[in-house]
Amino acid sequence: MADNNVGQSGDDDGWIDEIIAEELPQHQDPVLQQYHKARNALIAEEKRQRSDHAFRESLSPIAKRACAIVSNIRKHEQRTVWTSALEEKIATSPEGRNVTIYPGMMFSMARPTMESTLLWKIVRRMPKGALLHAHLDAMVDFDYLFNLLFEIEGLHVACISGSLATKEGRDTASIDVKFRNARPLPEGVSKEEYYASIWSDNYKQGEFIPLNEAADAFPGGGRKGFVEWLKDRCTLSATDPLEQHHGVAHIWRKFEKCFMILNNILHYEPIWRAFLRRLMEQSVEDGVYWIEIRFAWGLDYHRAHSETPEESYNHMFQVLAEEIDDFKKSSTHPLAHKFWGIRMIWTAIRSLPTKDIIVSMTNCIATKLEYPDLLAGFDLVGHEDKGRPLVDILPELFWFRKQCAVEGVEIPFFFHAGECLGDGDTTDRNLFDAVLLGTRRIGHGFSLYKHPKLIQAVKDKKILIESCPISNEMLRLTGGIMQHTLPALLARGVACALCNDDPAILGQNTAGMTHDFWQALQGWENLGLAGLGELAENSVRWAAFEDQGHEEWVKGVREASVGVGVKADRLKEWRVEWERFCLWVVEEFGEGEFGVGGDS
């Protein structure tokens, strides 16, 4: 063996300098140049397989420059925003102990900082297209919704389970908010005693108390404390997703309790109208022009000044149609003309027994016959791990499909599936049934990356994944955006769109999608502004703007903007907004340190 002094130790290390100077190959040497060539070719080959490859190839010169500028800003803020000083600041907060700071860190800890960045300003301005996966009750900001209650005449509140007499009881008790006509006080009881009784041991469960007065008597700070209490009951806290050791089932129990409060608040016409206006305002201001929203209401909707619930969903949908039309014609909102509209996706709770699901399906078909333009499809919702799997609900689903054919209505499936951590269990296999049942999109699809055969089927059948990164994080499927499974799907050529799922409950405080878009852009190196643009365009491409049979639907997705019809027109409209946005980025940030070639 040749003695090259390898392994020698001591003060004389000149032989190392000699190796570096004379024997170590340099990057410009032919052998390493050949390696770099092969490496670059391999990376390029993989990028050609990405779902956003065609979109990147079609970028205009202005769009390419905008993407480069945003990349510079992203890198700059990685160095200057996400620093040890910020880590120390967050670590001193009660919920921030033992938290490490990094770009794309957990949403609940990162939100205040992300909203102060230049990247936030840019993503907020971006045209995001369509919101395809969201749940109705969890959309608008709670400060607006709960303060609205004080402005609506005749609202009353009742405790319908548990007790509100103690702080512990108020954490779990169920309440109901309804319109009630004024009633005389019980004999021998003062106004003060009566209004405060709901918070005492003397309260008779189910008795409705005027809401304003009950809020003023709230034992934890009056009306302001009442609003904070409602918000706490309806929002996942900053620390909830940090407690991973409790598991997915634990956070879902709290999550579902949020809806129990919200369902009772929204089902009254004046609140429903105001809610819809707020939803449309917040959406279009965030660059969202179209919404397909899931709802799972029981028949407990009330018209204004009525104590009797409606016997059908017709008036609820009538109000929806009126509010959409009024908003689109509005001269008071500067962006109303850009809003395309809303369609509902009817949902049944997957844990319900057969009888209840059939009743829901029957109501769905009846509503579709009355308001065909407002109802886009059908889904099953609720905690997937705890609910019935799709294979168990096949008899109901086949019956539903047959009844739709009999009635001559088109109600396609948009199934939740794969919102789980399992691998091969009954929940994970909902993905197989969703594909076989002809779903046009898959809600979440978090576990899809484990199934190469299914991935190919999803690509072949032109099925879109409605991905909700912040929701998946807050509900403990992932520790943060950088551990999310969506990049694996994008790298394999699966069409995806970003969605916000339940933004109000998750702490986003708006109906918009900027938080999810920002997390994806800052968290995933391979995405960039171009990848974000493709996700937004996909949302328009896979939107259910109108009723279409299977073949017509697939044709519309394939042809995209080169086709004809509503979808093609709206894809063209989105492209115009995208180019305007890219021009704004270039004009706003193109000069100076963030400009292409500048010091980032």
# chains A, B, ... in the order shown; residues from 1 in each chain; ligands from 1
$ residues_around --residues "Leu132 in chain A" --least-positions-apart "6" --cutoff "10 Å" --atoms "only C-alpha atoms" --output "list in words"
Trp290, Ile291, Glu292, Ile293, Arg294, Arg343, Ile345, Phe414, Arg441, Gly443, Ile465, Glu466, Ser467, Ala497, Leu498, Cys499, Asn500, Asp501, Ser539, Val540, Trp542, Ala543 and Ala544 of chain A
$ atom_distance --atom1 "CA of Asn314 in chain A" --atom2 "CA of Cys364 in chain A"
10.7 Å
$ closest_atom_pairs --of "range 305-337 of chain A" --to "range 179-189 of chain A" --cutoff "8 Å" --atoms "only C-alpha atoms" --output "Markdown table"
| residue | atom | partner | partner_atom | distance |
| --- | --- | --- | --- | --- |
| A:His305 | CA | A:Phe179 | CA | 6.5 |
| A:Ser306 | CA | A:Phe179 | CA | 6.9 |
| A:Glu307 | CA | A:Arg180 | CA | 6.1 |
$ select_by_dssp --residues "range 305-546 of chain A" --states "strand (DSSP E or B)" --output "ChimeraX atom specification"
/A:341-349,375-381,413,415-417,441-444,464-467,496-498,501
$ residues_around --residues "Ala491 in chain A" --least-positions-apart "6" --cutoff "7 Å" --atoms "only C-alpha atoms" --output "list in words"
Gln49, Arg50 and Ser51 of chain A
$ write_last_selection --atoms "all heavy atoms" --output "tab-separated table (two decimals), in the first residue's frame"
chain	number	residue	atom	x	y	z
A	49	GLN	N	-41.49	16.19	-14.77
A	49	GLN	CA	-42.59	15.34	-14.33
A	49	GLN	C	-43.52	16.05	-13.35
A	49	GLN	O	-44.60	15.54	-13.02
A	49	GLN	CB	-42.03	14.07	-13.67
A	49	GLN	CG	-41.24	13.18	-14.61
A	49	GLN	CD	-40.65	11.98	-13.90
A	49	GLN	OE1	-41.00	11.67	-12.76
A	49	GLN	NE2	-39.75	11.28	-14.58
A	50	ARG	N	-43.14	17.23	-12.88
A	50	ARG	CA	-43.96	17.96	-11.92
A	50	ARG	C	-45.27	18.42	-12.56
A	50	ARG	O	-45.33	18.69	-13.76
A	50	ARG	CB	-43.20	19.18	-11.38
A	50	ARG	CG	-42.06	18.86	-10.46
A	50	ARG	CD	-41.38	20.14	-9.98
A	50	ARG	NE	-42.30	21.06	-9.33
A	50	ARG	CZ	-42.63	21.01	-8.03
A	50	ARG	NH1	-42.07	20.10	-7.25
A	50	ARG	NH2	-43.47	21.89	-7.53
A	51	SER	N	-46.28	18.56	-11.72
A	51	SER	CA	-47.58	18.99	-12.22
A	51	SER	C	-47.55	20.42	-12.74
A	51	SER	O	-48.37	20.80	-13.57
A	51	SER	CB	-48.64	18.86	-11.13
A	51	SER	OG	-48.31	19.67	-10.02
$ closest_residue --among "A:Asn264, A:Val284, A:Tyr144, A:Pro412" --to "Lys338 in chain A" --atoms "only C-alpha atoms"
A:Val284
$ residues_around --residues "Tyr289 in chain A" --least-positions-apart "4" --cutoff "10 Å" --atoms "only C-alpha atoms" --output "NGL selection string"
:A and (127-131 or 280 or 283-285 or 335-342 or 540 or 570 or 574)
$ closest_residue --among "A:Val227, A:Leu59, A:Ile324, A:Leu527" --to "Phe150 in chain A" --atoms "only C-alpha atoms"
A:Val227
$ atom_distance --atom1 "CA of Ile357 in chain A" --atom2 "CA of Ile470 in chain A"
29.4 Å
$ residues_around --residues "Leu145 in chain A" --least-positions-apart "5" --cutoff "12 Å" --atoms "only C-alpha atoms" --output "list in words"
Asp137, Ala138, Met139, Val140, Phe150, Glu151, Ile152, Val227, Leu230, Lys231, Cys234, Leu262, Ile265, Leu266, Pro270, Ile271, Trp272, Arg273, Ala274, Phe275, Leu276, Arg277, Arg278, Leu279, Ala504, Asn509 and Thr510 of chain A
$ residues_around --residues "range 583-595 of chain A" --least-positions-apart "5" --cutoff "12 Å" --atoms "only C-alpha atoms" --output "PyMOL selection string"
chain A and resi 60-77+118-119+121-127+529+576-578+600
$ decode --residues "range 481-583 of chain A" --atoms "C-alpha atoms" --output "PDB file, in the first residue's frame"
ATOM      1  CA  ILE A 481     -45.803  22.872   6.266  1.00  0.00           C
ATOM      2  CA  MET A 482     -42.344  21.426   5.590  1.00  0.00           C
ATOM      3  CA  GLN A 483     -43.499  17.945   6.613  1.00  0.00           C
ATOM      4  CA  HIS A 484     -46.659  18.110   4.500  1.00  0.00           C
ATOM      5  CA  THR A 485     -47.273  15.500   1.798  1.00  0.00           C
ATOM      6  CA  LEU A 486     -48.386  17.865  -0.972  1.00  0.00           C
ATOM      7  CA  PRO A 487     -44.876  18.363  -2.435  1.00  0.00           C
ATOM      8  CA  ALA A 488     -44.686  14.596  -2.991  1.00  0.00           C
ATOM      9  CA  LEU A 489     -47.888  14.735  -5.052  1.00  0.00           C
ATOM     10  CA  LEU A 490     -46.770  17.782  -7.042  1.00  0.00           C
ATOM     11  CA  ALA A 491     -43.460  16.065  -7.865  1.00  0.00           C
ATOM     12  CA  ARG A 492     -45.397  13.075  -9.204  1.00  0.00           C
ATOM     13  CA  GLY A 493     -47.538  15.188 -11.508  1.00  0.00           C
ATOM     14  CA  VAL A 494     -50.776  15.148  -9.501  1.00  0.00           C
ATOM     15  CA  ALA A 495     -53.054  18.143 -10.077  1.00  0.00           C
ATOM     16  CA  CYS A 496     -53.694  19.997  -6.825  1.00  0.00           C
ATOM     17  CA  ALA A 497     -55.199  23.210  -5.513  1.00  0.00           C
ATOM     18  CA  LEU A 498     -54.730  24.998  -2.190  1.00  0.00           C
ATOM     19  CA  CYS A 499     -57.760  25.496   0.069  1.00  0.00           C
ATOM     20  CA  ASN A 500     -58.367  26.861   3.563  1.00  0.00           C
ATOM     21  CA  ASP A 501     -60.937  24.334   4.925  1.00  0.00           C
ATOM     22  CA  ASP A 502     -62.051  26.013   8.195  1.00  0.00           C
ATOM     23  CA  PRO A 503     -60.156  29.320   8.448  1.00  0.00           C
ATOM     24  CA  ALA A 504     -62.144  30.945  11.270  1.00  0.00           C
ATOM     25  CA  ILE A 505     -61.872  27.947  13.583  1.00  0.00           C
ATOM     26  CA  LEU A 506     -58.202  27.472  12.683  1.00  0.00           C
ATOM     27  CA  GLY A 507     -57.342  31.023  13.772  1.00  0.00           C
ATOM     28  CA  GLN A 508     -56.851  32.690  10.377  1.00  0.00           C
ATOM     29  CA  ASN A 509     -59.514  35.313  11.155  1.00  0.00           C
ATOM     30  CA  THR A 510     -60.560  35.719   7.514  1.00  0.00           C
ATOM     31  CA  ALA A 511     -62.292  33.818   4.727  1.00  0.00           C
ATOM     32  CA  GLY A 512     -59.328  34.339   2.391  1.00  0.00           C
ATOM     33  CA  MET A 513     -56.589  31.870   1.453  1.00  0.00           C
ATOM     34  CA  THR A 514     -53.461  34.001   1.860  1.00  0.00           C
ATOM     35  CA  HIS A 515     -52.263  32.112   4.951  1.00  0.00           C
ATOM     36  CA  ASP A 516     -52.207  28.743   3.155  1.00  0.00           C
ATOM     37  CA  PHE A 517     -50.625  30.263   0.044  1.00  0.00           C
ATOM     38  CA  TRP A 518     -47.965  32.034   2.113  1.00  0.00           C
ATOM     39  CA  GLN A 519     -47.079  28.893   4.070  1.00  0.00           C
ATOM     40  CA  ALA A 520     -46.681  26.897   0.857  1.00  0.00           C
ATOM     41  CA  LEU A 521     -44.542  29.560  -0.840  1.00  0.00           C
ATOM     42  CA  GLN A 522     -42.222  30.071   2.131  1.00  0.00           C
ATOM     43  CA  GLY A 523     -42.088  26.409   3.112  1.00  0.00           C
ATOM     44  CA  TRP A 524     -41.415  24.611  -0.192  1.00  0.00           C
ATOM     45  CA  GLU A 525     -38.274  25.489  -2.138  1.00  0.00           C
ATOM     46  CA  ASN A 526     -39.438  23.793  -5.341  1.00  0.00           C
ATOM     47  CA  LEU A 527     -42.723  25.692  -5.525  1.00  0.00           C
ATOM     48  CA  GLY A 528     -41.959  29.371  -6.010  1.00  0.00           C
ATOM     49  CA  LEU A 529     -44.434  31.908  -7.323  1.00  0.00           C
ATOM     50  CA  ALA A 530     -44.827  29.935 -10.552  1.00  0.00           C
ATOM     51  CA  GLY A 531     -45.875  26.818  -8.676  1.00  0.00           C
ATOM     52  CA  LEU A 532     -48.270  28.888  -6.591  1.00  0.00           C
ATOM     53  CA  GLY A 533     -49.733  30.301  -9.802  1.00  0.00           C
ATOM     54  CA  GLU A 534     -50.328  26.824 -11.185  1.00  0.00           C
ATOM     55  CA  LEU A 535     -52.156  25.789  -8.004  1.00  0.00           C
ATOM     56  CA  ALA A 536     -54.407  28.848  -8.364  1.00  0.00           C
ATOM     57  CA  GLU A 537     -55.071  28.167 -12.042  1.00  0.00           C
ATOM     58  CA  ASN A 538     -55.955  24.559 -11.195  1.00  0.00           C
ATOM     59  CA  SER A 539     -58.639  25.796  -8.821  1.00  0.00           C
ATOM     60  CA  VAL A 540     -60.379  27.495 -11.745  1.00  0.00           C
ATOM     61  CA  ARG A 541     -59.774  24.566 -14.087  1.00  0.00           C
ATOM     62  CA  TRP A 542     -61.422  22.085 -11.687  1.00  0.00           C
ATOM     63  CA  ALA A 543     -64.216  24.391 -10.480  1.00  0.00           C
ATOM     64  CA  ALA A 544     -67.802  23.195 -10.986  1.00  0.00           C
ATOM     65  CA  PHE A 545     -69.184  26.374 -12.531  1.00  0.00           C
ATOM     66  CA  GLU A 546     -72.115  24.547 -14.108  1.00  0.00           C
ATOM     67  CA  ASP A 547     -73.690  21.103 -14.314  1.00  0.00           C
ATOM     68  CA  GLN A 548     -71.763  18.779 -16.625  1.00  0.00           C
ATOM     69  CA  GLY A 549     -71.900  15.074 -17.360  1.00  0.00           C
ATOM     70  CA  HIS A 550     -68.742  13.037 -16.856  1.00  0.00           C
ATOM     71  CA  GLU A 551     -67.453  13.285 -20.430  1.00  0.00           C
ATOM     72  CA  GLU A 552     -68.157  17.004 -20.678  1.00  0.00           C
ATOM     73  CA  TRP A 553     -66.470  17.578 -17.309  1.00  0.00           C
ATOM     74  CA  VAL A 554     -63.289  15.728 -18.313  1.00  0.00           C
ATOM     75  CA  LYS A 555     -63.233  17.512 -21.673  1.00  0.00           C
ATOM     76  CA  GLY A 556     -63.456  20.883 -19.934  1.00  0.00           C
ATOM     77  CA  VAL A 557     -60.571  19.997 -17.614  1.00  0.00           C
ATOM     78  CA  ARG A 558     -58.414  18.741 -20.489  1.00  0.00           C
ATOM     79  CA  GLU A 559     -59.059  21.645 -22.844  1.00  0.00           C
ATOM     80  CA  ALA A 560     -58.836  24.324 -20.140  1.00  0.00           C
ATOM     81  CA  SER A 561     -58.626  27.825 -21.622  1.00  0.00           C
ATOM     82  CA  VAL A 562     -58.463  26.635 -25.249  1.00  0.00           C
ATOM     83  CA  GLY A 563     -61.951  25.149 -24.924  1.00  0.00           C
ATOM     84  CA  VAL A 564     -65.294  26.916 -25.009  1.00  0.00           C
ATOM     85  CA  GLY A 565     -67.817  27.717 -22.315  1.00  0.00           C
ATOM     86  CA  VAL A 566     -67.859  29.204 -18.835  1.00  0.00           C
ATOM     87  CA  LYS A 567     -64.744  27.422 -17.580  1.00  0.00           C
ATOM     88  CA  ALA A 568     -62.619  28.442 -20.562  1.00  0.00           C
ATOM     89  CA  ASP A 569     -63.774  32.058 -20.234  1.00  0.00           C
ATOM     90  CA  ARG A 570     -62.971  32.206 -16.528  1.00  0.00           C
ATOM     91  CA  LEU A 571     -59.568  30.641 -17.049  1.00  0.00           C
ATOM     92  CA  LYS A 572     -58.841  33.420 -19.527  1.00  0.00           C
ATOM     93  CA  GLU A 573     -60.052  35.997 -17.004  1.00  0.00           C
ATOM     94  CA  TRP A 574     -57.776  34.505 -14.350  1.00  0.00           C
ATOM     95  CA  ARG A 575     -54.798  34.634 -16.743  1.00  0.00           C
ATOM     96  CA  VAL A 576     -55.402  38.341 -17.307  1.00  0.00           C
ATOM     97  CA  GLU A 577     -55.458  38.931 -13.533  1.00  0.00           C
ATOM     98  CA  TRP A 578     -52.297  36.837 -13.149  1.00  0.00           C
ATOM     99  CA  GLU A 579     -50.417  38.948 -15.701  1.00  0.00           C
ATOM    100  CA  ARG A 580     -51.608  42.155 -14.027  1.00  0.00           C
ATOM    101  CA  PHE A 581     -50.419  40.819 -10.702  1.00  0.00           C
ATOM    102  CA  CYS A 582     -47.003  39.865 -12.101  1.00  0.00           C
ATOM    103  CA  LEU A 583     -46.646  43.337 -13.642  1.00  0.00           C
TER     104      LEU A 583
END
